[in-house]
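For reference, run27.cif (mmCIF, N, CA and C atoms and all ligand atoms):
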data_coords
#
loop_
_atom_site.label_atom_id
_atom_site.label_comp_id
_atom_site.auth_asym_id
_atom_site.auth_seq_id
_atom_site.Cartn_x
_atom_site.Cartn_y
_atom_site.Cartn_z
N MET A 1 4.20 3.21 -13.17
CA MET A 1 3.66 1.93 -12.69
C MET A 1 2.16 1.95 -12.92
N ALA A 2 1.65 0.88 -13.43
CA ALA A 2 0.23 0.85 -13.75
C ALA A 2 -0.44 -0.34 -13.07
N TRP A 3 -1.69 -0.14 -12.66
CA TRP A 3 -2.45 -1.26 -12.12
C TRP A 3 -2.95 -2.08 -13.30
N SER A 4 -2.82 -3.38 -13.20
CA SER A 4 -3.38 -4.20 -14.27
C SER A 4 -4.04 -5.41 -13.61
N ASN A 5 -4.79 -6.13 -14.42
CA ASN A 5 -5.56 -7.23 -13.86
C ASN A 5 -4.75 -8.30 -13.15
N ASP A 6 -3.49 -8.43 -13.53
CA ASP A 6 -2.69 -9.45 -12.84
C ASP A 6 -2.37 -9.05 -11.40
N LEU A 7 -2.76 -7.81 -11.03
CA LEU A 7 -2.61 -7.40 -9.63
C LEU A 7 -3.91 -7.60 -8.84
N SER A 8 -4.93 -8.07 -9.53
CA SER A 8 -6.21 -8.19 -8.85
C SER A 8 -6.17 -9.22 -7.72
N VAL A 9 -6.84 -8.88 -6.60
CA VAL A 9 -6.97 -9.83 -5.50
C VAL A 9 -8.37 -10.42 -5.47
N GLY A 10 -9.17 -10.10 -6.44
CA GLY A 10 -10.49 -10.73 -6.56
C GLY A 10 -11.54 -10.19 -5.59
N VAL A 11 -11.23 -9.11 -4.89
CA VAL A 11 -12.19 -8.48 -3.98
C VAL A 11 -12.22 -7.00 -4.38
N ARG A 12 -13.38 -6.57 -4.87
CA ARG A 12 -13.41 -5.27 -5.52
C ARG A 12 -12.92 -4.11 -4.64
N VAL A 13 -13.42 -4.07 -3.41
CA VAL A 13 -13.06 -2.92 -2.56
C VAL A 13 -11.54 -2.87 -2.31
N LEU A 14 -10.93 -4.04 -2.25
CA LEU A 14 -9.48 -4.06 -2.00
C LEU A 14 -8.71 -3.73 -3.29
N ASP A 15 -9.22 -4.16 -4.43
CA ASP A 15 -8.61 -3.74 -5.70
C ASP A 15 -8.67 -2.22 -5.84
N GLU A 16 -9.81 -1.64 -5.44
CA GLU A 16 -9.93 -0.17 -5.52
C GLU A 16 -8.89 0.50 -4.63
N ASP A 17 -8.69 -0.03 -3.45
CA ASP A 17 -7.64 0.50 -2.55
C ASP A 17 -6.28 0.43 -3.23
N HIS A 18 -5.98 -0.73 -3.78
CA HIS A 18 -4.66 -0.91 -4.41
C HIS A 18 -4.48 0.06 -5.58
N LYS A 19 -5.55 0.28 -6.34
CA LYS A 19 -5.46 1.24 -7.45
C LYS A 19 -5.14 2.63 -6.92
N LYS A 20 -5.79 2.99 -5.82
CA LYS A 20 -5.53 4.32 -5.24
C LYS A 20 -4.09 4.44 -4.76
N LEU A 21 -3.60 3.38 -4.15
CA LEU A 21 -2.21 3.42 -3.66
C LEU A 21 -1.23 3.54 -4.82
N VAL A 22 -1.47 2.78 -5.89
CA VAL A 22 -0.63 2.89 -7.08
C VAL A 22 -0.68 4.32 -7.63
N ALA A 23 -1.89 4.89 -7.68
CA ALA A 23 -2.03 6.26 -8.19
C ALA A 23 -1.25 7.25 -7.32
N MET A 24 -1.27 7.05 -6.00
CA MET A 24 -0.56 7.97 -5.11
C MET A 24 0.95 7.85 -5.28
N VAL A 25 1.44 6.63 -5.46
CA VAL A 25 2.88 6.47 -5.69
C VAL A 25 3.27 7.15 -7.00
N ASN A 26 2.43 7.01 -8.01
CA ASN A 26 2.69 7.69 -9.29
C ASN A 26 2.66 9.21 -9.13
N GLU A 27 1.70 9.67 -8.35
CA GLU A 27 1.57 11.11 -8.12
C GLU A 27 2.84 11.65 -7.45
N LEU A 28 3.31 10.89 -6.48
CA LEU A 28 4.53 11.27 -5.76
C LEU A 28 5.72 11.29 -6.71
N TYR A 29 5.79 10.27 -7.54
CA TYR A 29 6.88 10.18 -8.51
C TYR A 29 6.87 11.37 -9.46
N ASP A 30 5.69 11.69 -9.99
CA ASP A 30 5.58 12.81 -10.93
C ASP A 30 5.96 14.13 -10.25
N ALA A 31 5.48 14.31 -9.02
CA ALA A 31 5.77 15.55 -8.30
C ALA A 31 7.26 15.69 -8.05
N MET A 32 7.88 14.55 -7.73
CA MET A 32 9.32 14.57 -7.49
C MET A 32 10.07 14.91 -8.77
N LYS A 33 9.65 14.26 -9.86
CA LYS A 33 10.28 14.47 -11.16
C LYS A 33 10.13 15.93 -11.62
N ASP A 34 8.98 16.52 -11.32
CA ASP A 34 8.72 17.90 -11.72
C ASP A 34 9.36 18.91 -10.78
N GLY A 35 10.10 18.42 -9.80
CA GLY A 35 10.78 19.32 -8.89
C GLY A 35 9.85 20.11 -7.98
N LYS A 36 8.71 19.51 -7.63
CA LYS A 36 7.77 20.19 -6.73
C LYS A 36 8.38 20.37 -5.35
N GLY A 37 7.88 21.35 -4.64
CA GLY A 37 8.46 21.70 -3.35
C GLY A 37 8.12 20.72 -2.24
N LYS A 38 8.75 20.95 -1.12
CA LYS A 38 8.63 20.06 0.01
C LYS A 38 7.19 19.95 0.52
N GLU A 39 6.49 21.05 0.42
CA GLU A 39 5.12 21.04 0.93
C GLU A 39 4.25 20.08 0.12
N THR A 40 4.40 20.16 -1.20
CA THR A 40 3.63 19.27 -2.08
C THR A 40 4.00 17.82 -1.85
N LEU A 41 5.30 17.55 -1.87
CA LEU A 41 5.76 16.17 -1.70
C LEU A 41 5.37 15.63 -0.32
N GLY A 42 5.55 16.46 0.70
CA GLY A 42 5.20 16.03 2.05
C GLY A 42 3.71 15.74 2.18
N GLY A 43 2.91 16.54 1.46
CA GLY A 43 1.46 16.33 1.49
C GLY A 43 1.07 15.00 0.87
N ILE A 44 1.66 14.70 -0.27
CA ILE A 44 1.34 13.44 -0.94
C ILE A 44 1.81 12.26 -0.08
N LEU A 45 2.99 12.40 0.45
CA LEU A 45 3.55 11.35 1.31
C LEU A 45 2.65 11.11 2.53
N GLY A 46 2.13 12.19 3.08
CA GLY A 46 1.22 12.08 4.22
C GLY A 46 -0.05 11.34 3.86
N ARG A 47 -0.60 11.66 2.70
CA ARG A 47 -1.82 10.97 2.27
C ARG A 47 -1.55 9.51 1.97
N LEU A 48 -0.40 9.26 1.37
CA LEU A 48 -0.02 7.87 1.07
C LEU A 48 0.11 7.05 2.36
N THR A 49 0.75 7.64 3.36
CA THR A 49 0.91 6.94 4.64
C THR A 49 -0.44 6.67 5.28
N ALA A 50 -1.31 7.68 5.28
CA ALA A 50 -2.62 7.52 5.91
C ALA A 50 -3.46 6.48 5.17
N TYR A 51 -3.39 6.51 3.86
CA TYR A 51 -4.21 5.56 3.10
C TYR A 51 -3.69 4.14 3.22
N THR A 52 -2.38 4.02 3.37
CA THR A 52 -1.79 2.69 3.59
C THR A 52 -2.36 2.09 4.88
N VAL A 53 -2.39 2.89 5.94
CA VAL A 53 -2.91 2.42 7.22
C VAL A 53 -4.40 2.04 7.08
N GLU A 54 -5.15 2.91 6.42
CA GLU A 54 -6.58 2.65 6.22
C GLU A 54 -6.80 1.34 5.45
N HIS A 55 -6.01 1.17 4.41
CA HIS A 55 -6.15 -0.04 3.59
C HIS A 55 -5.78 -1.31 4.36
N PHE A 56 -4.67 -1.26 5.09
CA PHE A 56 -4.26 -2.43 5.86
C PHE A 56 -5.34 -2.78 6.89
N ASP A 57 -5.91 -1.76 7.52
CA ASP A 57 -6.98 -2.00 8.48
C ASP A 57 -8.17 -2.69 7.81
N ARG A 58 -8.48 -2.26 6.60
CA ARG A 58 -9.61 -2.86 5.89
C ARG A 58 -9.34 -4.34 5.61
N GLU A 59 -8.15 -4.65 5.16
CA GLU A 59 -7.82 -6.06 4.93
C GLU A 59 -7.90 -6.84 6.24
N GLU A 60 -7.34 -6.27 7.30
CA GLU A 60 -7.29 -7.00 8.57
C GLU A 60 -8.68 -7.23 9.16
N ARG A 61 -9.59 -6.29 8.92
CA ARG A 61 -10.97 -6.50 9.39
C ARG A 61 -11.59 -7.70 8.66
N LEU A 62 -11.31 -7.80 7.37
CA LEU A 62 -11.83 -8.95 6.62
C LEU A 62 -11.19 -10.25 7.11
N PHE A 63 -9.94 -10.19 7.48
CA PHE A 63 -9.29 -11.39 8.02
C PHE A 63 -10.00 -11.84 9.30
N SER A 64 -10.30 -10.87 10.16
CA SER A 64 -10.97 -11.21 11.43
C SER A 64 -12.36 -11.78 11.17
N GLN A 65 -13.08 -11.10 10.29
CA GLN A 65 -14.45 -11.54 10.01
C GLN A 65 -14.52 -12.94 9.42
N THR A 66 -13.46 -13.37 8.75
CA THR A 66 -13.49 -14.65 8.06
C THR A 66 -12.53 -15.67 8.66
N SER A 67 -11.94 -15.33 9.80
CA SER A 67 -10.94 -16.20 10.44
C SER A 67 -9.89 -16.68 9.45
N TYR A 68 -9.27 -15.73 8.80
CA TYR A 68 -8.24 -16.07 7.81
C TYR A 68 -7.03 -16.71 8.49
N PRO A 69 -6.66 -17.92 8.08
CA PRO A 69 -5.60 -18.64 8.80
C PRO A 69 -4.22 -17.97 8.75
N ASN A 70 -3.94 -17.20 7.68
CA ASN A 70 -2.62 -16.55 7.60
C ASN A 70 -2.62 -15.12 8.15
N ALA A 71 -3.65 -14.79 8.91
CA ALA A 71 -3.80 -13.41 9.36
C ALA A 71 -2.58 -12.91 10.14
N ALA A 72 -2.04 -13.73 11.04
CA ALA A 72 -0.96 -13.24 11.90
C ALA A 72 0.27 -12.86 11.09
N ALA A 73 0.67 -13.72 10.17
CA ALA A 73 1.85 -13.43 9.35
C ALA A 73 1.60 -12.21 8.46
N HIS A 74 0.40 -12.17 7.91
CA HIS A 74 0.08 -11.06 7.02
C HIS A 74 0.06 -9.74 7.79
N ARG A 75 -0.51 -9.77 8.98
CA ARG A 75 -0.54 -8.57 9.81
C ARG A 75 0.88 -8.12 10.16
N GLY A 76 1.73 -9.08 10.38
CA GLY A 76 3.14 -8.78 10.67
C GLY A 76 3.80 -8.03 9.52
N GLU A 77 3.49 -8.45 8.30
CA GLU A 77 4.04 -7.74 7.14
C GLU A 77 3.51 -6.32 7.08
N HIS A 78 2.22 -6.17 7.37
CA HIS A 78 1.64 -4.82 7.39
C HIS A 78 2.34 -3.94 8.40
N GLU A 79 2.60 -4.49 9.58
CA GLU A 79 3.26 -3.70 10.63
C GLU A 79 4.62 -3.22 10.15
N ALA A 80 5.36 -4.13 9.53
CA ALA A 80 6.71 -3.77 9.06
C ALA A 80 6.63 -2.70 7.97
N LEU A 81 5.68 -2.84 7.06
CA LEU A 81 5.55 -1.87 5.98
C LEU A 81 5.10 -0.51 6.49
N LYS A 82 4.16 -0.54 7.44
CA LYS A 82 3.70 0.73 8.02
C LYS A 82 4.87 1.45 8.68
N ALA A 83 5.70 0.69 9.40
CA ALA A 83 6.83 1.30 10.09
C ALA A 83 7.79 1.92 9.07
N GLN A 84 8.02 1.21 7.96
CA GLN A 84 8.94 1.74 6.94
C GLN A 84 8.39 2.99 6.26
N VAL A 85 7.10 2.94 5.92
CA VAL A 85 6.52 4.10 5.24
C VAL A 85 6.48 5.31 6.17
N SER A 86 6.10 5.09 7.42
CA SER A 86 6.01 6.27 8.29
C SER A 86 7.40 6.77 8.67
N ASP A 87 8.37 5.89 8.63
CA ASP A 87 9.75 6.31 8.85
C ASP A 87 10.21 7.24 7.72
N ILE A 88 9.89 6.87 6.49
CA ILE A 88 10.23 7.73 5.36
C ILE A 88 9.55 9.08 5.52
N GLN A 89 8.27 9.04 5.88
CA GLN A 89 7.51 10.27 6.02
C GLN A 89 8.09 11.16 7.14
N ARG A 90 8.37 10.52 8.27
CA ARG A 90 8.88 11.26 9.42
C ARG A 90 10.23 11.92 9.10
N LYS A 91 11.13 11.14 8.51
CA LYS A 91 12.44 11.68 8.17
C LYS A 91 12.32 12.79 7.13
N TYR A 92 11.42 12.59 6.19
CA TYR A 92 11.25 13.62 5.16
C TYR A 92 10.77 14.92 5.78
N ASN A 93 9.76 14.81 6.64
CA ASN A 93 9.21 16.02 7.26
C ASN A 93 10.20 16.69 8.19
N ALA A 94 11.03 15.88 8.84
CA ALA A 94 12.01 16.45 9.75
C ALA A 94 13.16 17.09 8.98
N GLY A 95 13.18 16.82 7.68
CA GLY A 95 14.25 17.38 6.86
C GLY A 95 15.62 16.87 7.26
N SER A 96 15.65 15.68 7.84
CA SER A 96 16.93 15.19 8.35
C SER A 96 17.70 14.44 7.27
N GLY A 97 17.92 15.15 6.19
CA GLY A 97 18.83 14.59 5.19
C GLY A 97 18.22 13.75 4.09
N ILE A 98 17.12 13.03 4.37
CA ILE A 98 16.68 12.25 3.24
C ILE A 98 15.81 13.09 2.32
N SER A 99 16.11 12.98 1.08
CA SER A 99 15.23 13.59 0.10
C SER A 99 14.49 12.45 -0.55
N LEU A 100 13.45 12.78 -1.28
CA LEU A 100 12.73 11.73 -1.96
C LEU A 100 13.52 11.36 -3.21
N THR A 101 14.25 10.31 -3.06
CA THR A 101 15.09 9.90 -4.16
C THR A 101 14.41 8.81 -4.97
N LEU A 102 15.01 8.49 -6.07
CA LEU A 102 14.52 7.37 -6.87
C LEU A 102 14.53 6.09 -6.04
N GLU A 103 15.50 6.01 -5.16
CA GLU A 103 15.60 4.83 -4.30
C GLU A 103 14.37 4.69 -3.42
N THR A 104 13.94 5.82 -2.83
CA THR A 104 12.74 5.81 -2.00
C THR A 104 11.53 5.42 -2.85
N MET A 105 11.46 6.02 -4.02
CA MET A 105 10.35 5.73 -4.91
C MET A 105 10.31 4.25 -5.28
N ASN A 106 11.50 3.72 -5.60
CA ASN A 106 11.55 2.31 -5.96
C ASN A 106 11.18 1.42 -4.80
N PHE A 107 11.56 1.85 -3.60
CA PHE A 107 11.18 1.09 -2.42
C PHE A 107 9.65 1.05 -2.29
N LEU A 108 9.00 2.22 -2.41
CA LEU A 108 7.55 2.28 -2.26
C LEU A 108 6.85 1.43 -3.32
N LYS A 109 7.36 1.56 -4.53
CA LYS A 109 6.77 0.83 -5.63
C LYS A 109 6.94 -0.68 -5.43
N SER A 110 8.13 -1.09 -5.03
CA SER A 110 8.33 -2.53 -4.94
C SER A 110 7.63 -3.13 -3.73
N TRP A 111 7.52 -2.40 -2.61
CA TRP A 111 6.79 -3.04 -1.51
C TRP A 111 5.34 -3.22 -1.88
N LEU A 112 4.82 -2.24 -2.57
CA LEU A 112 3.41 -2.32 -2.95
C LEU A 112 3.17 -3.53 -3.87
N LEU A 113 3.98 -3.60 -4.94
CA LEU A 113 3.78 -4.70 -5.88
C LEU A 113 4.12 -6.05 -5.27
N ASN A 114 5.23 -6.11 -4.54
CA ASN A 114 5.61 -7.40 -3.95
C ASN A 114 4.61 -7.87 -2.91
N HIS A 115 4.08 -6.93 -2.14
CA HIS A 115 3.12 -7.32 -1.12
C HIS A 115 1.80 -7.78 -1.76
N ILE A 116 1.36 -7.09 -2.77
CA ILE A 116 0.12 -7.50 -3.43
C ILE A 116 0.29 -8.89 -4.06
N LYS A 117 1.39 -9.04 -4.78
CA LYS A 117 1.59 -10.31 -5.49
C LYS A 117 2.00 -11.44 -4.55
N GLY A 118 2.81 -11.11 -3.56
CA GLY A 118 3.34 -12.16 -2.70
C GLY A 118 2.42 -12.55 -1.57
N SER A 119 1.62 -11.61 -1.08
CA SER A 119 0.81 -11.90 0.11
C SER A 119 -0.68 -11.67 -0.11
N ASP A 120 -1.03 -10.53 -0.67
CA ASP A 120 -2.46 -10.23 -0.81
C ASP A 120 -3.16 -11.27 -1.70
N GLN A 121 -2.52 -11.63 -2.78
CA GLN A 121 -3.20 -12.56 -3.69
C GLN A 121 -3.44 -13.93 -3.06
N LYS A 122 -2.77 -14.19 -1.96
CA LYS A 122 -2.99 -15.47 -1.27
C LYS A 122 -4.32 -15.52 -0.54
N TYR A 123 -4.92 -14.36 -0.23
CA TYR A 123 -6.20 -14.41 0.50
C TYR A 123 -7.40 -14.46 -0.43
N SER A 124 -7.18 -14.33 -1.74
CA SER A 124 -8.31 -14.24 -2.68
C SER A 124 -9.31 -15.38 -2.50
N GLN A 125 -8.80 -16.59 -2.60
CA GLN A 125 -9.68 -17.76 -2.53
C GLN A 125 -10.45 -17.80 -1.22
N HIS A 126 -9.73 -17.54 -0.15
CA HIS A 126 -10.34 -17.59 1.17
C HIS A 126 -11.47 -16.56 1.29
N LEU A 127 -11.19 -15.31 0.89
CA LEU A 127 -12.20 -14.27 1.02
C LEU A 127 -13.37 -14.53 0.07
N ASN A 128 -13.07 -14.96 -1.14
CA ASN A 128 -14.13 -15.31 -2.11
C ASN A 128 -15.04 -16.39 -1.52
N ALA A 129 -14.42 -17.38 -0.91
CA ALA A 129 -15.18 -18.49 -0.34
C ALA A 129 -16.08 -18.03 0.80
N HIS A 130 -15.73 -16.89 1.42
CA HIS A 130 -16.54 -16.33 2.51
C HIS A 130 -17.47 -15.23 2.01
N GLY A 131 -17.62 -15.16 0.71
CA GLY A 131 -18.61 -14.24 0.16
C GLY A 131 -18.12 -12.85 -0.14
N PHE A 132 -16.82 -12.63 -0.03
CA PHE A 132 -16.29 -11.29 -0.39
C PHE A 132 -15.68 -11.37 -1.78
N ALA A 133 -16.19 -10.56 -2.68
CA ALA A 133 -15.68 -10.60 -4.05
C ALA A 133 -15.66 -9.19 -4.62
FE FE B 201 -3.28 -4.86 0.18
FE FE B 202 -1.97 -6.88 2.72
#

Just give me the structure of the file as structure tokens.
Amino acid sequence: MAWSNDLSVGVRVLDEDHKKLVAMVNELYDAMKDGKGKETLGGILGRLTAYTVEHFDREERLFSQTSYPNAAAHRGEHEALKAQVSDIQRKYNAGSGISLTLETMNFLKSWLLNHIKGSDQKYSQHLNAHGFA
């Protein structure tokens, strides 16, 4: 999966976050494909979870600062995604049966892309109009 301009949200710091998240999902995918051990995979998953939270917080701070009208719905999506990602992480670390499968990878990849395209890109105009670019 590659970051390309059609994923841009028009705010540099947030594009940088999204690029990092894409890179982490790719890193996880490669590590899984190479048969890396649980410690490696768990470590990447932990960083991915932490960075997801950090990134969502950054977006939400901008929503507050600019009184973004769709903030509540968007925050709701973040909450649901955070719960899903940390659930994957928790189950993986607990070793309770789930392995990092292609299915998990596809889930991570699609939430990231769908959320950026379906929700994040909707705030571009609003944030640009408030001086964030
Ligand atoms: Fe985002
Ligand atoms: Fe978002």

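With only N, CA and C atoms and all ligand atoms as the atoms that count, the residue of A:Ile116, A:Ala50, A:Leu127, A:Met1 with the shortest distance to ligand FE 201 (chain B) is A:Ile116.
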
Residues within 8 Å of ligand FE 202 (chain B), counting only N, CA and C atoms and all ligand atoms: report them as a PDB file with N, CA and C atoms, in the coordinates of the input.
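Final output, out00.pdb:
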ATOM      1  N   HIS A  55      -6.010   1.170   4.410  1.00  0.00           N
ATOM      2  CA  HIS A  55      -6.150  -0.040   3.590  1.00  0.00           C
ATOM      3  C   HIS A  55      -5.780  -1.310   4.360  1.00  0.00           C
ATOM      4  N   PHE A  56      -4.670  -1.260   5.090  1.00  0.00           N
ATOM      5  CA  PHE A  56      -4.260  -2.430   5.860  1.00  0.00           C
ATOM      6  C   PHE A  56      -5.340  -2.780   6.890  1.00  0.00           C
ATOM      7  N   GLU A  59      -8.150  -4.650   5.160  1.00  0.00           N
ATOM      8  CA  GLU A  59      -7.820  -6.060   4.930  1.00  0.00           C
ATOM      9  C   GLU A  59      -7.900  -6.840   6.240  1.00  0.00           C
ATOM     10  N   GLU A  60      -7.340  -6.270   7.300  1.00  0.00           N
ATOM     11  CA  GLU A  60      -7.290  -7.000   8.570  1.00  0.00           C
ATOM     12  C   GLU A  60      -8.680  -7.230   9.160  1.00  0.00           C
ATOM     13  N   HIS A  74       0.400 -12.170   7.910  1.00  0.00           N
ATOM     14  CA  HIS A  74       0.080 -11.060   7.020  1.00  0.00           C
ATOM     15  C   HIS A  74       0.060  -9.740   7.790  1.00  0.00           C
ATOM     16  N   ARG A  75      -0.510  -9.770   8.980  1.00  0.00           N
ATOM     17  CA  ARG A  75      -0.540  -8.570   9.810  1.00  0.00           C
ATOM     18  C   ARG A  75       0.880  -8.120  10.160  1.00  0.00           C
ATOM     19  N   GLU A  77       3.490  -8.450   8.300  1.00  0.00           N
ATOM     20  CA  GLU A  77       4.040  -7.740   7.140  1.00  0.00           C
ATOM     21  C   GLU A  77       3.510  -6.320   7.080  1.00  0.00           C
ATOM     22  N   HIS A  78       2.220  -6.170   7.370  1.00  0.00           N
ATOM     23  CA  HIS A  78       1.640  -4.820   7.390  1.00  0.00           C
ATOM     24  C   HIS A  78       2.340  -3.940   8.400  1.00  0.00           C
ATOM     25  N   HIS A 115       4.080  -6.930  -2.140  1.00  0.00           N
ATOM     26  CA  HIS A 115       3.120  -7.320  -1.120  1.00  0.00           C
ATOM     27  C   HIS A 115       1.800  -7.780  -1.760  1.00  0.00           C
ATOM     28  N   ILE A 116       1.360  -7.090  -2.770  1.00  0.00           N
ATOM     29  CA  ILE A 116       0.120  -7.500  -3.430  1.00  0.00           C
ATOM     30  C   ILE A 116       0.290  -8.890  -4.060  1.00  0.00           C
ATOM     31  N   SER A 119       1.620 -11.610  -1.080  1.00  0.00           N
ATOM     32  CA  SER A 119       0.810 -11.900   0.110  1.00  0.00           C
ATOM     33  C   SER A 119      -0.680 -11.670  -0.110  1.00  0.00           C
ATOM     34  N   ASP A 120      -1.030 -10.530  -0.670  1.00  0.00           N
ATOM     35  CA  ASP A 120      -2.460 -10.230  -0.810  1.00  0.00           C
ATOM     36  C   ASP A 120      -3.160 -11.270  -1.700  1.00  0.00           C
ATOM     37  N   GLN A 121      -2.520 -11.630  -2.780  1.00  0.00           N
ATOM     38  CA  GLN A 121      -3.200 -12.560  -3.690  1.00  0.00           C
ATOM     39  C   GLN A 121      -3.440 -13.930  -3.060  1.00  0.00           C
TER      40      GLN A 121
END

* To do: Could you give me the residues within 12 Å of ligand FE 201 (chain B), counting only C-alpha atoms and all ligand atoms, as a VMD selection string?
  => chain A and resid 7 to 22 51 to 60 62 to 63 74 to 75 77 to 78 81 to 82 111 to 124

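The two atoms in question, atom CA of Ile88 of chain A and atom C of Thr49 of chain A, are spaced 10.7 Å apart.
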
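One distance worth recording is that between atom N of Lys109 of chain A and atom C of Pro69 of chain A, which is 26.3 Å.
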
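Note that the spacing between atom CA of Glu27 of chain A and atom C of Gly43 of chain A amounts to 9.8 Å.
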
Would you mind putting N, CA, C and O atoms back on segment 19-32 of chain A and writing the result as a compact mmCIF listing (two decimals), in the frame of the given file?
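Heads up, here's the output in rebuild28.txt:
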# COMPACT_ATOMS: atom_id res chain seq x y z
N LYS A 19 -5.55 0.28 -6.34
CA LYS A 19 -5.46 1.24 -7.45
C LYS A 19 -5.14 2.63 -6.92
O LYS A 19 -4.35 3.37 -7.50
N LYS A 20 -5.79 2.99 -5.82
CA LYS A 20 -5.53 4.32 -5.24
C LYS A 20 -4.09 4.44 -4.76
O LYS A 20 -3.45 5.48 -4.93
N LEU A 21 -3.60 3.38 -4.15
CA LEU A 21 -2.21 3.42 -3.66
C LEU A 21 -1.23 3.54 -4.82
O LEU A 21 -0.27 4.32 -4.75
N VAL A 22 -1.47 2.78 -5.89
CA VAL A 22 -0.63 2.89 -7.08
C VAL A 22 -0.68 4.32 -7.63
O VAL A 22 0.35 4.92 -7.95
N ALA A 23 -1.89 4.89 -7.68
CA ALA A 23 -2.03 6.26 -8.19
C ALA A 23 -1.25 7.25 -7.32
O ALA A 23 -0.64 8.19 -7.84
N MET A 24 -1.27 7.05 -6.00
CA MET A 24 -0.56 7.97 -5.11
C MET A 24 0.95 7.85 -5.28
O MET A 24 1.66 8.86 -5.22
N VAL A 25 1.44 6.63 -5.46
CA VAL A 25 2.88 6.47 -5.69
C VAL A 25 3.27 7.15 -7.00
O VAL A 25 4.29 7.83 -7.08
N ASN A 26 2.43 7.01 -8.01
CA ASN A 26 2.69 7.69 -9.29
C ASN A 26 2.66 9.21 -9.13
O ASN A 26 3.48 9.92 -9.71
N GLU A 27 1.70 9.67 -8.35
CA GLU A 27 1.57 11.11 -8.12
C GLU A 27 2.84 11.65 -7.45
O GLU A 27 3.37 12.71 -7.81
N LEU A 28 3.31 10.89 -6.48
CA LEU A 28 4.53 11.27 -5.76
C LEU A 28 5.72 11.29 -6.71
O LEU A 28 6.53 12.22 -6.70
N TYR A 29 5.79 10.27 -7.54
CA TYR A 29 6.88 10.18 -8.51
C TYR A 29 6.87 11.37 -9.46
O TYR A 29 7.89 12.00 -9.69
N ASP A 30 5.69 11.69 -9.99
CA ASP A 30 5.58 12.81 -10.93
C ASP A 30 5.96 14.13 -10.25
O ASP A 30 6.66 14.96 -10.84
N ALA A 31 5.48 14.31 -9.02
CA ALA A 31 5.77 15.55 -8.30
C ALA A 31 7.26 15.69 -8.05
O ALA A 31 7.84 16.77 -8.16
N MET A 32 7.88 14.55 -7.73
CA MET A 32 9.32 14.57 -7.49
C MET A 32 10.07 14.91 -8.77
O MET A 32 10.97 15.75 -8.77
